[in-house]
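Student: Structure supplied as start-v6.pdb; contents: PDB, C-alpha atoms.
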```
MODEL        1
ATOM      1  CA  MET A   1     -42.888  26.085   8.929  1.00  0.00           C
ATOM      2  CA  GLN A   2     -39.783  24.169   9.962  1.00  0.00           C
ATOM      3  CA  ARG A   3     -36.413  25.582   9.004  1.00  0.00           C
ATOM      4  CA  LEU A   4     -34.056  23.149   7.299  1.00  0.00           C
ATOM      5  CA  LEU A   5     -30.302  23.592   6.901  1.00  0.00           C
ATOM      6  CA  ILE A   6     -28.498  21.571   4.233  1.00  0.00           C
ATOM      7  CA  LEU A   7     -24.749  21.149   4.582  1.00  0.00           C
ATOM      8  CA  ILE A   8     -22.717  20.872   1.384  1.00  0.00           C
ATOM      9  CA  THR A   9     -19.212  19.624   2.078  1.00  0.00           C
ATOM     10  CA  LYS A  10     -17.933  17.978  -1.097  1.00  0.00           C
ATOM     11  CA  ARG A  11     -16.231  19.566  -4.081  1.00  0.00           C
ATOM     12  CA  PRO A  12     -18.412  19.827  -7.187  1.00  0.00           C
ATOM     13  CA  TYR A  13     -17.115  17.199  -9.582  1.00  0.00           C
ATOM     14  CA  HIS A  14     -15.641  14.637  -7.220  1.00  0.00           C
ATOM     15  CA  SER A  15     -18.614  12.352  -7.885  1.00  0.00           C
ATOM     16  CA  ILE A  16     -22.243  12.425  -8.968  1.00  0.00           C
ATOM     17  CA  ALA A  17     -23.084  12.937  -5.279  1.00  0.00           C
ATOM     18  CA  SER A  18     -22.558  16.683  -5.621  1.00  0.00           C
ATOM     19  CA  GLN A  19     -25.075  16.937  -8.442  1.00  0.00           C
ATOM     20  CA  GLU A  20     -27.508  14.860  -6.404  1.00  0.00           C
ATOM     21  CA  GLY A  21     -26.947  17.232  -3.480  1.00  0.00           C
ATOM     22  CA  LEU A  22     -28.212  20.151  -5.532  1.00  0.00           C
ATOM     23  CA  ASP A  23     -31.275  18.054  -6.420  1.00  0.00           C
ATOM     24  CA  VAL A  24     -32.013  17.702  -2.697  1.00  0.00           C
ATOM     25  CA  ILE A  25     -31.811  21.477  -2.185  1.00  0.00           C
ATOM     26  CA  LEU A  26     -34.226  22.055  -5.075  1.00  0.00           C
ATOM     27  CA  ALA A  27     -36.656  19.453  -3.721  1.00  0.00           C
ATOM     28  CA  ALA A  28     -36.380  20.839  -0.190  1.00  0.00           C
ATOM     29  CA  SER A  29     -37.300  24.310  -1.399  1.00  0.00           C
ATOM     30  CA  VAL A  30     -40.734  22.947  -2.320  1.00  0.00           C
ATOM     31  CA  PHE A  31     -41.396  21.552   1.150  1.00  0.00           C
ATOM     32  CA  THR A  32     -39.999  23.996   3.637  1.00  0.00           C
ATOM     33  CA  GLU A  33     -37.815  27.013   4.355  1.00  0.00           C
ATOM     34  CA  CYS A  34     -34.367  25.903   3.326  1.00  0.00           C
ATOM     35  CA  SER A  35     -30.888  27.378   3.842  1.00  0.00           C
ATOM     36  CA  VAL A  36     -27.538  26.045   2.698  1.00  0.00           C
ATOM     37  CA  LEU A  37     -24.191  25.990   4.494  1.00  0.00           C
ATOM     38  CA  PHE A  38     -21.114  25.374   2.339  1.00  0.00           C
ATOM     39  CA  LEU A  39     -18.246  23.935   4.322  1.00  0.00           C
ATOM     40  CA  SER A  40     -14.697  22.983   3.410  1.00  0.00           C
ATOM     41  CA  ASP A  41     -14.401  21.856  -0.249  1.00  0.00           C
ATOM     42  CA  GLY A  42     -18.167  22.331  -0.596  1.00  0.00           C
ATOM     43  CA  LEU A  43     -17.520  26.038  -1.097  1.00  0.00           C
ATOM     44  CA  LEU A  44     -16.003  25.192  -4.504  1.00  0.00           C
ATOM     45  CA  GLN A  45     -19.513  24.326  -5.707  1.00  0.00           C
ATOM     46  CA  LEU A  46     -20.114  28.063  -5.998  1.00  0.00           C
ATOM     47  CA  LEU A  47     -17.225  28.892  -8.312  1.00  0.00           C
ATOM     48  CA  PRO A  48     -18.527  30.544 -11.489  1.00  0.00           C
ATOM     49  CA  ASP A  49     -17.372  29.632 -15.007  1.00  0.00           C
ATOM     50  CA  GLN A  50     -16.534  26.020 -14.291  1.00  0.00           C
ATOM     51  CA  LYS A  51     -15.591  24.250 -17.498  1.00  0.00           C
ATOM     52  CA  ALA A  52     -16.519  20.666 -16.734  1.00  0.00           C
ATOM     53  CA  ASN A  53     -17.901  20.356 -20.281  1.00  0.00           C
ATOM     54  CA  ASP A  54     -14.304  19.939 -21.387  1.00  0.00           C
ATOM     55  CA  THR A  55     -14.343  16.605 -19.575  1.00  0.00           C
ATOM     56  CA  LYS A  56     -17.789  15.629 -20.909  1.00  0.00           C
ATOM     57  CA  ILE A  57     -19.411  16.281 -17.539  1.00  0.00           C
ATOM     58  CA  LYS A  58     -22.608  18.283 -17.225  1.00  0.00           C
ATOM     59  CA  VAL A  59     -22.002  21.694 -15.633  1.00  0.00           C
ATOM     60  CA  PHE A  60     -24.680  21.304 -12.990  1.00  0.00           C
ATOM     61  CA  THR A  61     -23.263  23.986 -10.682  1.00  0.00           C
ATOM     62  CA  ARG A  62     -25.005  26.708 -12.689  1.00  0.00           C
ATOM     63  CA  GLY A  63     -28.122  25.491 -10.915  1.00  0.00           C
ATOM     64  CA  TYR A  64     -26.932  27.152  -7.703  1.00  0.00           C
ATOM     65  CA  ALA A  65     -27.423  30.543  -9.285  1.00  0.00           C
ATOM     66  CA  ALA A  66     -31.101  29.671  -9.794  1.00  0.00           C
ATOM     67  CA  LEU A  67     -31.755  28.747  -6.164  1.00  0.00           C
ATOM     68  CA  PRO A  68     -33.025  32.224  -5.165  1.00  0.00           C
ATOM     69  CA  ASP A  69     -35.743  31.759  -7.825  1.00  0.00           C
ATOM     70  CA  TYR A  70     -36.817  28.660  -5.907  1.00  0.00           C
ATOM     71  CA  GLY A  71     -37.042  30.581  -2.646  1.00  0.00           C
ATOM     72  CA  VAL A  72     -33.675  29.468  -1.293  1.00  0.00           C
ATOM     73  CA  GLU A  73     -32.089  32.732  -0.288  1.00  0.00           C
ATOM     74  CA  GLN A  74     -29.973  32.118   2.789  1.00  0.00           C
ATOM     75  CA  PHE A  75     -26.467  30.820   2.062  1.00  0.00           C
ATOM     76  CA  TYR A  76     -23.621  30.560   4.533  1.00  0.00           C
ATOM     77  CA  CYS A  77     -19.947  29.692   4.434  1.00  0.00           C
ATOM     78  CA  GLN A  78     -16.965  29.714   6.727  1.00  0.00           C
ATOM     79  CA  SER A  79     -14.576  32.673   6.482  1.00  0.00           C
ATOM     80  CA  SER A  80     -11.568  30.366   6.854  1.00  0.00           C
ATOM     81  CA  ASP A  81     -12.691  28.436   3.747  1.00  0.00           C
ATOM     82  CA  LEU A  82     -12.899  31.668   1.750  1.00  0.00           C
ATOM     83  CA  GLU A  83      -9.381  32.492   2.884  1.00  0.00           C
ATOM     84  CA  LYS A  84      -8.117  28.999   2.120  1.00  0.00           C
ATOM     85  CA  TRP A  85      -9.224  29.265  -1.502  1.00  0.00           C
ATOM     86  CA  SER A  86      -8.522  33.016  -1.797  1.00  0.00           C
ATOM     87  CA  LEU A  87     -12.160  33.674  -2.648  1.00  0.00           C
ATOM     88  CA  ASP A  88     -14.449  36.628  -2.123  1.00  0.00           C
ATOM     89  CA  SER A  89     -18.067  35.723  -1.456  1.00  0.00           C
ATOM     90  CA  LYS A  90     -19.155  38.384  -3.969  1.00  0.00           C
ATOM     91  CA  MET A  91     -17.507  36.491  -6.836  1.00  0.00           C
ATOM     92  CA  LEU A  92     -19.477  33.274  -6.256  1.00  0.00           C
ATOM     93  CA  LEU A  93     -22.638  32.001  -7.982  1.00  0.00           C
ATOM     94  CA  VAL A  94     -24.647  33.066  -4.955  1.00  0.00           C
ATOM     95  CA  GLU A  95     -23.291  35.285  -2.205  1.00  0.00           C
ATOM     96  CA  PRO A  96     -22.966  33.344   1.042  1.00  0.00           C
ATOM     97  CA  ILE A  97     -22.821  35.060   4.416  1.00  0.00           C
ATOM     98  CA  SER A  98     -19.328  34.538   5.760  1.00  0.00           C
ATOM     99  CA  LEU A  99     -19.173  33.281   9.338  1.00  0.00           C
ATOM    100  CA  SER A 100     -16.249  32.740  11.654  1.00  0.00           C
ATOM    101  CA  PRO A 101     -15.639  29.110  12.685  1.00  0.00           C
ATOM    102  CA  SER A 102     -17.056  29.852  16.150  1.00  0.00           C
ATOM    103  CA  GLU A 103     -20.341  31.010  14.590  1.00  0.00           C
ATOM    104  CA  ILE A 104     -20.932  27.769  12.669  1.00  0.00           C
ATOM    105  CA  ASN A 105     -22.111  25.672  15.588  1.00  0.00           C
ATOM    106  CA  PRO A 106     -24.706  28.235  16.804  1.00  0.00           C
ATOM    107  CA  LEU A 107     -25.931  28.587  13.215  1.00  0.00           C
ATOM    108  CA  ILE A 108     -26.492  24.844  12.861  1.00  0.00           C
ATOM    109  CA  ARG A 109     -28.240  24.706  16.236  1.00  0.00           C
ATOM    110  CA  SER A 110     -30.609  27.506  15.235  1.00  0.00           C
ATOM    111  CA  PHE A 111     -32.325  25.274  12.643  1.00  0.00           C
ATOM    112  CA  ASP A 112     -35.110  22.766  13.294  1.00  0.00           C
ATOM    113  CA  LYS A 113     -33.622  20.130  11.003  1.00  0.00           C
ATOM    114  CA  VAL A 114     -30.192  19.602   9.461  1.00  0.00           C
ATOM    115  CA  LEU A 115     -29.275  17.402   6.525  1.00  0.00           C
ATOM    116  CA  ASN A 116     -25.583  16.755   5.993  1.00  0.00           C
ATOM    117  CA  LEU A 117     -24.719  15.940   2.392  1.00  0.00           C
TER     118      LEU A 117
ATOM    119  CA  MET B   1     -39.014   8.789  19.405  1.00  0.00           C
ATOM    120  CA  LYS B   2     -39.531   8.685  15.646  1.00  0.00           C
ATOM    121  CA  PHE B   3     -36.375   8.432  13.513  1.00  0.00           C
ATOM    122  CA  MET B   4     -35.769   9.161   9.852  1.00  0.00           C
ATOM    123  CA  LEU B   5     -32.635   7.648   8.333  1.00  0.00           C
ATOM    124  CA  ALA B   6     -30.948   8.981   5.204  1.00  0.00           C
ATOM    125  CA  VAL B   7     -28.352   6.554   3.834  1.00  0.00           C
ATOM    126  CA  LEU B   8     -26.026   7.951   1.168  1.00  0.00           C
ATOM    127  CA  GLY B   9     -22.950   5.767   0.817  1.00  0.00           C
ATOM    128  CA  ASP B  10     -22.345   2.989  -1.716  1.00  0.00           C
ATOM    129  CA  PRO B  11     -22.443  -0.349   0.185  1.00  0.00           C
ATOM    130  CA  LEU B  12     -19.372  -1.656  -1.649  1.00  0.00           C
ATOM    131  CA  HIS B  13     -17.284   1.458  -1.111  1.00  0.00           C
ATOM    132  CA  CYS B  14     -17.958   2.541   2.430  1.00  0.00           C
ATOM    133  CA  GLN B  15     -19.281   1.468   5.793  1.00  0.00           C
ATOM    134  CA  GLY B  16     -22.275   3.858   5.759  1.00  0.00           C
ATOM    135  CA  PRO B  17     -25.094   1.412   4.889  1.00  0.00           C
ATOM    136  CA  MET B  18     -23.850  -1.167   7.425  1.00  0.00           C
ATOM    137  CA  THR B  19     -23.465   1.470  10.147  1.00  0.00           C
ATOM    138  CA  ALA B  20     -26.982   2.677   9.309  1.00  0.00           C
ATOM    139  CA  TYR B  21     -28.278  -0.875   9.619  1.00  0.00           C
ATOM    140  CA  ARG B  22     -26.675  -1.360  13.029  1.00  0.00           C
ATOM    141  CA  PHE B  23     -28.038   2.003  14.143  1.00  0.00           C
ATOM    142  CA  ALA B  24     -31.516   1.066  12.911  1.00  0.00           C
ATOM    143  CA  GLU B  25     -31.306  -2.226  14.789  1.00  0.00           C
ATOM    144  CA  ALA B  26     -30.383  -0.347  17.975  1.00  0.00           C
ATOM    145  CA  VAL B  27     -33.209   2.131  17.450  1.00  0.00           C
ATOM    146  CA  VAL B  28     -35.925  -0.537  17.290  1.00  0.00           C
ATOM    147  CA  THR B  29     -34.321  -2.563  20.098  1.00  0.00           C
ATOM    148  CA  ALA B  30     -34.518   0.531  22.300  1.00  0.00           C
ATOM    149  CA  GLY B  31     -38.255   0.780  21.580  1.00  0.00           C
ATOM    150  CA  HIS B  32     -38.173   3.717  19.185  1.00  0.00           C
ATOM    151  CA  THR B  33     -39.695   3.705  15.717  1.00  0.00           C
ATOM    152  CA  ILE B  34     -38.224   4.347  12.284  1.00  0.00           C
ATOM    153  CA  HIS B  35     -40.482   6.420  10.072  1.00  0.00           C
ATOM    154  CA  ARG B  36     -38.601   5.597   6.895  1.00  0.00           C
ATOM    155  CA  VAL B  37     -35.159   4.707   5.562  1.00  0.00           C
ATOM    156  CA  PHE B  38     -34.330   6.681   2.459  1.00  0.00           C
ATOM    157  CA  PHE B  39     -31.529   5.332   0.281  1.00  0.00           C
ATOM    158  CA  TYR B  40     -29.972   8.067  -1.820  1.00  0.00           C
ATOM    159  CA  GLN B  41     -26.923   8.409  -4.045  1.00  0.00           C
ATOM    160  CA  GLY B  42     -24.731   5.254  -4.030  1.00  0.00           C
ATOM    161  CA  ALA B  43     -26.758   3.718  -1.204  1.00  0.00           C
ATOM    162  CA  VAL B  44     -29.523   2.749  -3.654  1.00  0.00           C
ATOM    163  CA  LEU B  45     -27.266  -0.182  -4.554  1.00  0.00           C
ATOM    164  CA  VAL B  46     -28.322  -1.753  -1.246  1.00  0.00           C
ATOM    165  CA  ALA B  47     -31.605  -2.416  -3.077  1.00  0.00           C
ATOM    166  CA  ASN B  48     -29.911  -4.170  -6.007  1.00  0.00           C
ATOM    167  CA  ASP B  49     -31.532  -7.590  -6.467  1.00  0.00           C
ATOM    168  CA  LEU B  50     -29.059  -8.574  -9.197  1.00  0.00           C
ATOM    169  CA  ALA B  51     -25.989  -8.444  -6.956  1.00  0.00           C
ATOM    170  CA  GLU B  52     -24.902 -11.692  -5.342  1.00  0.00           C
ATOM    171  CA  PRO B  53     -22.195 -11.560  -2.661  1.00  0.00           C
ATOM    172  CA  PRO B  54     -20.162 -14.722  -2.044  1.00  0.00           C
ATOM    173  CA  GLN B  55     -21.861 -17.161   0.324  1.00  0.00           C
ATOM    174  CA  ASP B  56     -19.430 -16.542   3.169  1.00  0.00           C
ATOM    175  CA  GLU B  57     -20.043 -12.783   3.111  1.00  0.00           C
ATOM    176  CA  THR B  58     -22.876 -10.827   4.700  1.00  0.00           C
ATOM    177  CA  SER B  59     -25.596  -9.560   2.403  1.00  0.00           C
ATOM    178  CA  ILE B  60     -26.422  -6.000   3.452  1.00  0.00           C
ATOM    179  CA  THR B  61     -29.550  -6.265   1.300  1.00  0.00           C
ATOM    180  CA  GLN B  62     -30.843  -9.265   3.262  1.00  0.00           C
ATOM    181  CA  LEU B  63     -30.045  -7.611   6.592  1.00  0.00           C
ATOM    182  CA  TRP B  64     -32.193  -4.614   5.680  1.00  0.00           C
ATOM    183  CA  GLN B  65     -34.967  -6.827   4.280  1.00  0.00           C
ATOM    184  CA  HIS B  66     -35.223  -8.817   7.524  1.00  0.00           C
ATOM    185  CA  LEU B  67     -35.079  -5.789   9.803  1.00  0.00           C
ATOM    186  CA  ALA B  68     -37.686  -3.978   7.733  1.00  0.00           C
ATOM    187  CA  SER B  69     -40.127  -6.887   7.523  1.00  0.00           C
ATOM    188  CA  GLU B  70     -39.897  -7.630  11.245  1.00  0.00           C
ATOM    189  CA  ASN B  71     -40.427  -4.017  12.239  1.00  0.00           C
ATOM    190  CA  SER B  72     -42.608  -2.687   9.409  1.00  0.00           C
ATOM    191  CA  ILE B  73     -39.980  -0.203   8.251  1.00  0.00           C
ATOM    192  CA  GLU B  74     -40.400   1.486   4.888  1.00  0.00           C
ATOM    193  CA  LEU B  75     -37.293   1.185   2.699  1.00  0.00           C
ATOM    194  CA  VAL B  76     -37.290   3.737  -0.130  1.00  0.00           C
ATOM    195  CA  ALA B  77     -34.697   4.020  -2.902  1.00  0.00           C
ATOM    196  CA  CYS B  78     -34.584   7.406  -4.650  1.00  0.00           C
ATOM    197  CA  ILE B  79     -35.889   7.111  -8.190  1.00  0.00           C
ATOM    198  CA  ALA B  80     -33.298   9.419  -9.774  1.00  0.00           C
ATOM    199  CA  SER B  81     -30.322   7.848  -8.004  1.00  0.00           C
ATOM    200  CA  ALA B  82     -31.697   4.371  -8.693  1.00  0.00           C
ATOM    201  CA  SER B  83     -32.200   4.933 -12.426  1.00  0.00           C
ATOM    202  CA  ARG B  84     -28.622   6.165 -12.748  1.00  0.00           C
ATOM    203  CA  ARG B  85     -27.375   2.973 -11.102  1.00  0.00           C
ATOM    204  CA  GLY B  86     -29.580   0.386 -12.763  1.00  0.00           C
ATOM    205  CA  ILE B  87     -32.144  -0.163 -10.003  1.00  0.00           C
ATOM    206  CA  PHE B  88     -35.638  -0.371 -11.496  1.00  0.00           C
ATOM    207  CA  ASP B  89     -38.968  -1.608 -10.220  1.00  0.00           C
ATOM    208  CA  GLU B  90     -41.309  -3.194 -12.749  1.00  0.00           C
ATOM    209  CA  ASP B  91     -42.921   0.089 -13.774  1.00  0.00           C
ATOM    210  CA  GLU B  92     -39.603   1.838 -14.291  1.00  0.00           C
ATOM    211  CA  ALA B  93     -38.145  -1.164 -16.130  1.00  0.00           C
ATOM    212  CA  ILE B  94     -41.038  -0.975 -18.587  1.00  0.00           C
ATOM    213  CA  ARG B  95     -40.744   2.802 -18.879  1.00  0.00           C
ATOM    214  CA  TYR B  96     -37.039   2.624 -19.747  1.00  0.00           C
ATOM    215  CA  GLN B  97     -37.466  -0.561 -21.814  1.00  0.00           C
ATOM    216  CA  LYS B  98     -35.160  -2.631 -19.620  1.00  0.00           C
ATOM    217  CA  SER B  99     -35.137  -6.418 -19.843  1.00  0.00           C
ATOM    218  CA  THR B 100     -35.893  -6.888 -16.164  1.00  0.00           C
ATOM    219  CA  SER B 101     -36.654  -5.109 -12.927  1.00  0.00           C
ATOM    220  CA  SER B 102     -33.774  -5.115 -10.470  1.00  0.00           C
ATOM    221  CA  ILE B 103     -35.077  -3.942  -7.122  1.00  0.00           C
ATOM    222  CA  SER B 104     -35.027  -6.330  -4.172  1.00  0.00           C
ATOM    223  CA  SER B 105     -38.269  -7.218  -2.429  1.00  0.00           C
ATOM    224  CA  GLY B 106     -38.942  -5.064   0.604  1.00  0.00           C
ATOM    225  CA  PHE B 107     -37.658  -1.934  -1.122  1.00  0.00           C
ATOM    226  CA  ILE B 108     -39.744   0.566  -3.073  1.00  0.00           C
ATOM    227  CA  ILE B 109     -38.811   3.326  -5.494  1.00  0.00           C
ATOM    228  CA  GLY B 110     -39.719   6.837  -4.361  1.00  0.00           C
ATOM    229  CA  GLY B 111     -38.960  10.490  -4.868  1.00  0.00           C
ATOM    230  CA  LEU B 112     -36.994  13.086  -2.963  1.00  0.00           C
ATOM    231  CA  GLY B 113     -40.286  14.303  -1.539  1.00  0.00           C
ATOM    232  CA  GLN B 114     -40.285  11.211   0.655  1.00  0.00           C
ATOM    233  CA  LEU B 115     -36.881  12.185   2.018  1.00  0.00           C
ATOM    234  CA  LEU B 116     -38.078  15.697   2.816  1.00  0.00           C
ATOM    235  CA  GLU B 117     -41.429  14.587   4.239  1.00  0.00           C
ATOM    236  CA  GLY B 118     -39.607  12.133   6.483  1.00  0.00           C
ATOM    237  CA  ILE B 119     -37.180  14.785   7.721  1.00  0.00           C
ATOM    238  CA  LEU B 120     -40.035  17.130   8.583  1.00  0.00           C
ATOM    239  CA  VAL B 121     -42.195  14.475  10.273  1.00  0.00           C
ATOM    240  CA  ALA B 122     -39.511  12.674  12.297  1.00  0.00           C
ATOM    241  CA  ASP B 123     -38.198  13.759  15.677  1.00  0.00           C
ATOM    242  CA  ARG B 124     -34.643  12.982  14.598  1.00  0.00           C
ATOM    243  CA  THR B 125     -33.006  12.610  11.187  1.00  0.00           C
ATOM    244  CA  VAL B 126     -29.713  10.753  11.041  1.00  0.00           C
ATOM    245  CA  THR B 127     -27.589  10.784   7.904  1.00  0.00           C
ATOM    246  CA  PHE B 128     -25.099   8.066   7.026  1.00  0.00           C
ATOM    247  CA  GLY B 129     -22.717   9.484   4.454  1.00  0.00           C
ATOM    248  CA  SER B 130     -20.117   8.037   2.173  1.00  0.00           C
TER     249      SER B 130
ENDMDL
END
```
Can you dump the structure from the file as structure tokens?
Tutor:
Amino acid sequence: MQRLLILITKRPYHSIASQEGLDVILAASVFTECSVLFLSDGLLQLLPDQKANDTKIKVFTRGYAALPDYGVEQFYCQSSDLEKWSLDSKMLLVEPISLSPSEINPLIRSFDKVLNL
Amino acid sequence: MKFMLAVLGDPLHCQGPMTAYRFAEAVVTAGHTIHRVFFYQGAVLVANDLAEPPQDETSITQLWQHLASENSIELVACIASASRRGIFDEDEAIRYQKSTSSISSGFIIGGLGQLLEGILVADRTVTFGS
């Protein structure tokens, strides 16, 4: 089975694209072994207790917490992004493995296919 | 080499769909094949038959139609993204009780499975973002 890495780089409610990105991860989990790398503002997708309902927007980010049930179990992020937002990976909807910036490139190269969303 | 293209950006808001077109043109000129072009997110608007750019402007829709028909390239617009943005084929127009279909000829409506299948089958997947 091919290993697919999906890159999530956009903040959660900047446009509908973020919601559609989660749809791709869910669909990918049906087809192949899928991992997700959250980079830059994409890490904010994993913040718990987002209150987008206050702005009449569907809180789709809860769906990330369900990904392990779909067989998506490997999540990664960049340690410098955690530091930038003063976040601890344990407080997020799923717990990503924190990698140093120099480890990101080898991680991406270790996958058969990469989809950058 | 077999390429899969994923086009994400809205044609009126970014250069992505035009860059993807020029890349696709280069791919076939170089003798490679394109397994499929999957239009997702705002890029489904490339398939909008109801849009009409001024006569002195390039129609990105027509560019893709010509390239696809000359090289037998499958152009797929994601069904979920398309429904959100008013792109319907005849079946979907009936299903949602719309007054007309709105997808340009040469494009078909498909599911995310066709994006994933293409990624897994192709030698290279190239994404054109927003």
Student: Pick from B:Ile119, B:Met4, B:Met18, B:Val76: nearest to chain A, with only C-alpha atoms counted?
Tutor: B:Ile119
Student: From the set A:Phe111, A:Gly63, A:Ile16, A:Leu26, which residue has the shortest atom-to-atom contact distance to B:Gln41, counting all atoms listed in the file?
Tutor: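 When distances to B:Gln41 are compared using all atoms listed in the file, the smallest one comes from A:Ile16.
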Student: Please report the interatomic distance between atom CA of A:Leu46 and atom CA of B:His13 in Å with one decimal.
Tutor: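 Atom CA of B:His13 lies at a distance of 27.2 Å from atom CA of A:Leu46.
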Student: Which distance in Å separates atom CA of B:Phe39 and atom CA of B:Leu75, to one decimal?
Tutor: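 Atom-to-atom, atom CA of B:Phe39 to atom CA of B:Leu75, that is 7.5 Å.
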Student: In Å to one decimal, how far is atom CA of A:Ser15 from atom CA of B:Leu115?
Tutor: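 The value is 20.8 Å.
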Student: Using only C-alpha atoms, tabulate the residues of chain B lying at most 8 Å from any atom of chain A, each with its closest atom pair and that distance in Å to one decimal, by chain and increasing residue number, as JSON lines.
Tutor:
```
{"residue": "B:Gln41", "atom": "CA", "partner": "A:Ala17", "partner_atom": "CA", "distance": 6.1}
{"residue": "B:Gly42", "atom": "CA", "partner": "A:Ala17", "partner_atom": "CA", "distance": 8.0}
{"residue": "B:Ser81", "atom": "CA", "partner": "A:Glu20", "partner_atom": "CA", "distance": 7.7}
{"residue": "B:Leu112", "atom": "CA", "partner": "A:Ala27", "partner_atom": "CA", "distance": 6.4}
{"residue": "B:Gly113", "atom": "CA", "partner": "A:Ala27", "partner_atom": "CA", "distance": 6.7}
{"residue": "B:Leu116", "atom": "CA", "partner": "A:Ala28", "partner_atom": "CA", "distance": 6.2}
{"residue": "B:Glu117", "atom": "CA", "partner": "A:Phe31", "partner_atom": "CA", "distance": 7.6}
{"residue": "B:Ile119", "atom": "CA", "partner": "A:Lys113", "partner_atom": "CA", "distance": 7.2}
{"residue": "B:Leu120", "atom": "CA", "partner": "A:Gln2", "partner_atom": "CA", "distance": 7.2}
{"residue": "B:Thr125", "atom": "CA", "partner": "A:Lys113", "partner_atom": "CA", "distance": 7.5}
{"residue": "B:Thr127", "atom": "CA", "partner": "A:Asn116", "partner_atom": "CA", "distance": 6.6}
{"residue": "B:Gly129", "atom": "CA", "partner": "A:Leu117", "partner_atom": "CA", "distance": 7.1}
```
Student: So what does the PyMOL selection byres ((chain A and resi 88-105) around 7) actually pick up in this one, as a CSV table (one decimal) with C-alpha atoms, keeping the file's coordinate frame?
Tutor:
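The resulting file, expr_15.csv, is shown below:
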```
chain,number,residue,atom,x,y,z
A,46,LEU,CA,-20.1,28.1,-6.0
A,47,LEU,CA,-17.2,28.9,-8.3
A,48,PRO,CA,-18.5,30.5,-11.5
A,64,TYR,CA,-26.9,27.2,-7.7
A,65,ALA,CA,-27.4,30.5,-9.3
A,75,PHE,CA,-26.5,30.8,2.1
A,76,TYR,CA,-23.6,30.6,4.5
A,77,CYS,CA,-19.9,29.7,4.4
A,78,GLN,CA,-17.0,29.7,6.7
A,79,SER,CA,-14.6,32.7,6.5
A,82,LEU,CA,-12.9,31.7,1.8
A,86,SER,CA,-8.5,33.0,-1.8
A,87,LEU,CA,-12.2,33.7,-2.6
A,106,PRO,CA,-24.7,28.2,16.8
A,107,LEU,CA,-25.9,28.6,13.2
A,108,ILE,CA,-26.5,24.8,12.9
A,109,ARG,CA,-28.2,24.7,16.2
```
Student: Pick out the residues sitting within 10 Å of B:Val28, and hand them over as a PyMOL selection string; count all atoms listed in the file, and ignore anything fewer than 3 positions along from it in its own chain.
Tutor: chain B and resi 3+23-25+31-34+67+71+73
Student: Name the closest residue to B:Ile108 among the candidates B:Asp91, B:Glu74, B:Glu52, B:Asp123; distances are taken between atoms, counting only C-alpha atoms.
Tutor: B:Glu74
Student: Grab all the atoms of stretch 70-75 of chain A that the file lists, wrap them in a box along x, y and z, add 8 Å per side, and give me centre plus edge lengths in Å (one decimal) as AutoDock Vina command-line options.
Tutor:
```
--center_x -31.8 --center_y 30.7 --center_z -1.6 --size_x 26.6 --size_y 20.1 --size_z 24.7
```
Student: Please complete stretch 78-86 of chain A with N, CA, C and O atoms and give it back as a compact mmCIF listing (two decimals), in the coordinates of the input.
Tutor:
```
# COMPACT_ATOMS: atom_id res chain seq x y z
N GLN A 78 -17.91 29.46 5.65
CA GLN A 78 -16.96 29.71 6.73
C GLN A 78 -15.86 30.63 6.20
O GLN A 78 -15.29 30.35 5.14
N SER A 79 -15.56 31.70 6.95
CA SER A 79 -14.58 32.67 6.48
C SER A 79 -13.22 32.01 6.22
O SER A 79 -12.52 32.37 5.27
N SER A 80 -12.87 31.02 7.03
CA SER A 80 -11.57 30.37 6.85
C SER A 80 -11.51 29.59 5.53
O SER A 80 -10.44 29.43 4.94
N ASP A 81 -12.68 29.12 5.05
CA ASP A 81 -12.69 28.44 3.75
C ASP A 81 -12.50 29.44 2.62
O ASP A 81 -11.82 29.16 1.63
N LEU A 82 -13.12 30.61 2.75
CA LEU A 82 -12.90 31.67 1.75
C LEU A 82 -11.42 32.01 1.68
O LEU A 82 -10.84 32.14 0.59
N GLU A 83 -10.81 32.14 2.84
CA GLU A 83 -9.38 32.49 2.88
C GLU A 83 -8.53 31.38 2.28
O GLU A 83 -7.60 31.62 1.53
N LYS A 84 -8.90 30.15 2.60
CA LYS A 84 -8.12 29.00 2.12
C LYS A 84 -8.05 28.97 0.59
O LYS A 84 -7.01 28.66 0.01
N TRP A 85 -9.17 29.33 -0.05
CA TRP A 85 -9.22 29.26 -1.50
C TRP A 85 -9.04 30.64 -2.14
O TRP A 85 -9.24 30.80 -3.35
N SER A 86 -8.71 31.63 -1.32
CA SER A 86 -8.52 33.02 -1.80
C SER A 86 -9.75 33.49 -2.57
O SER A 86 -9.64 34.02 -3.68
```
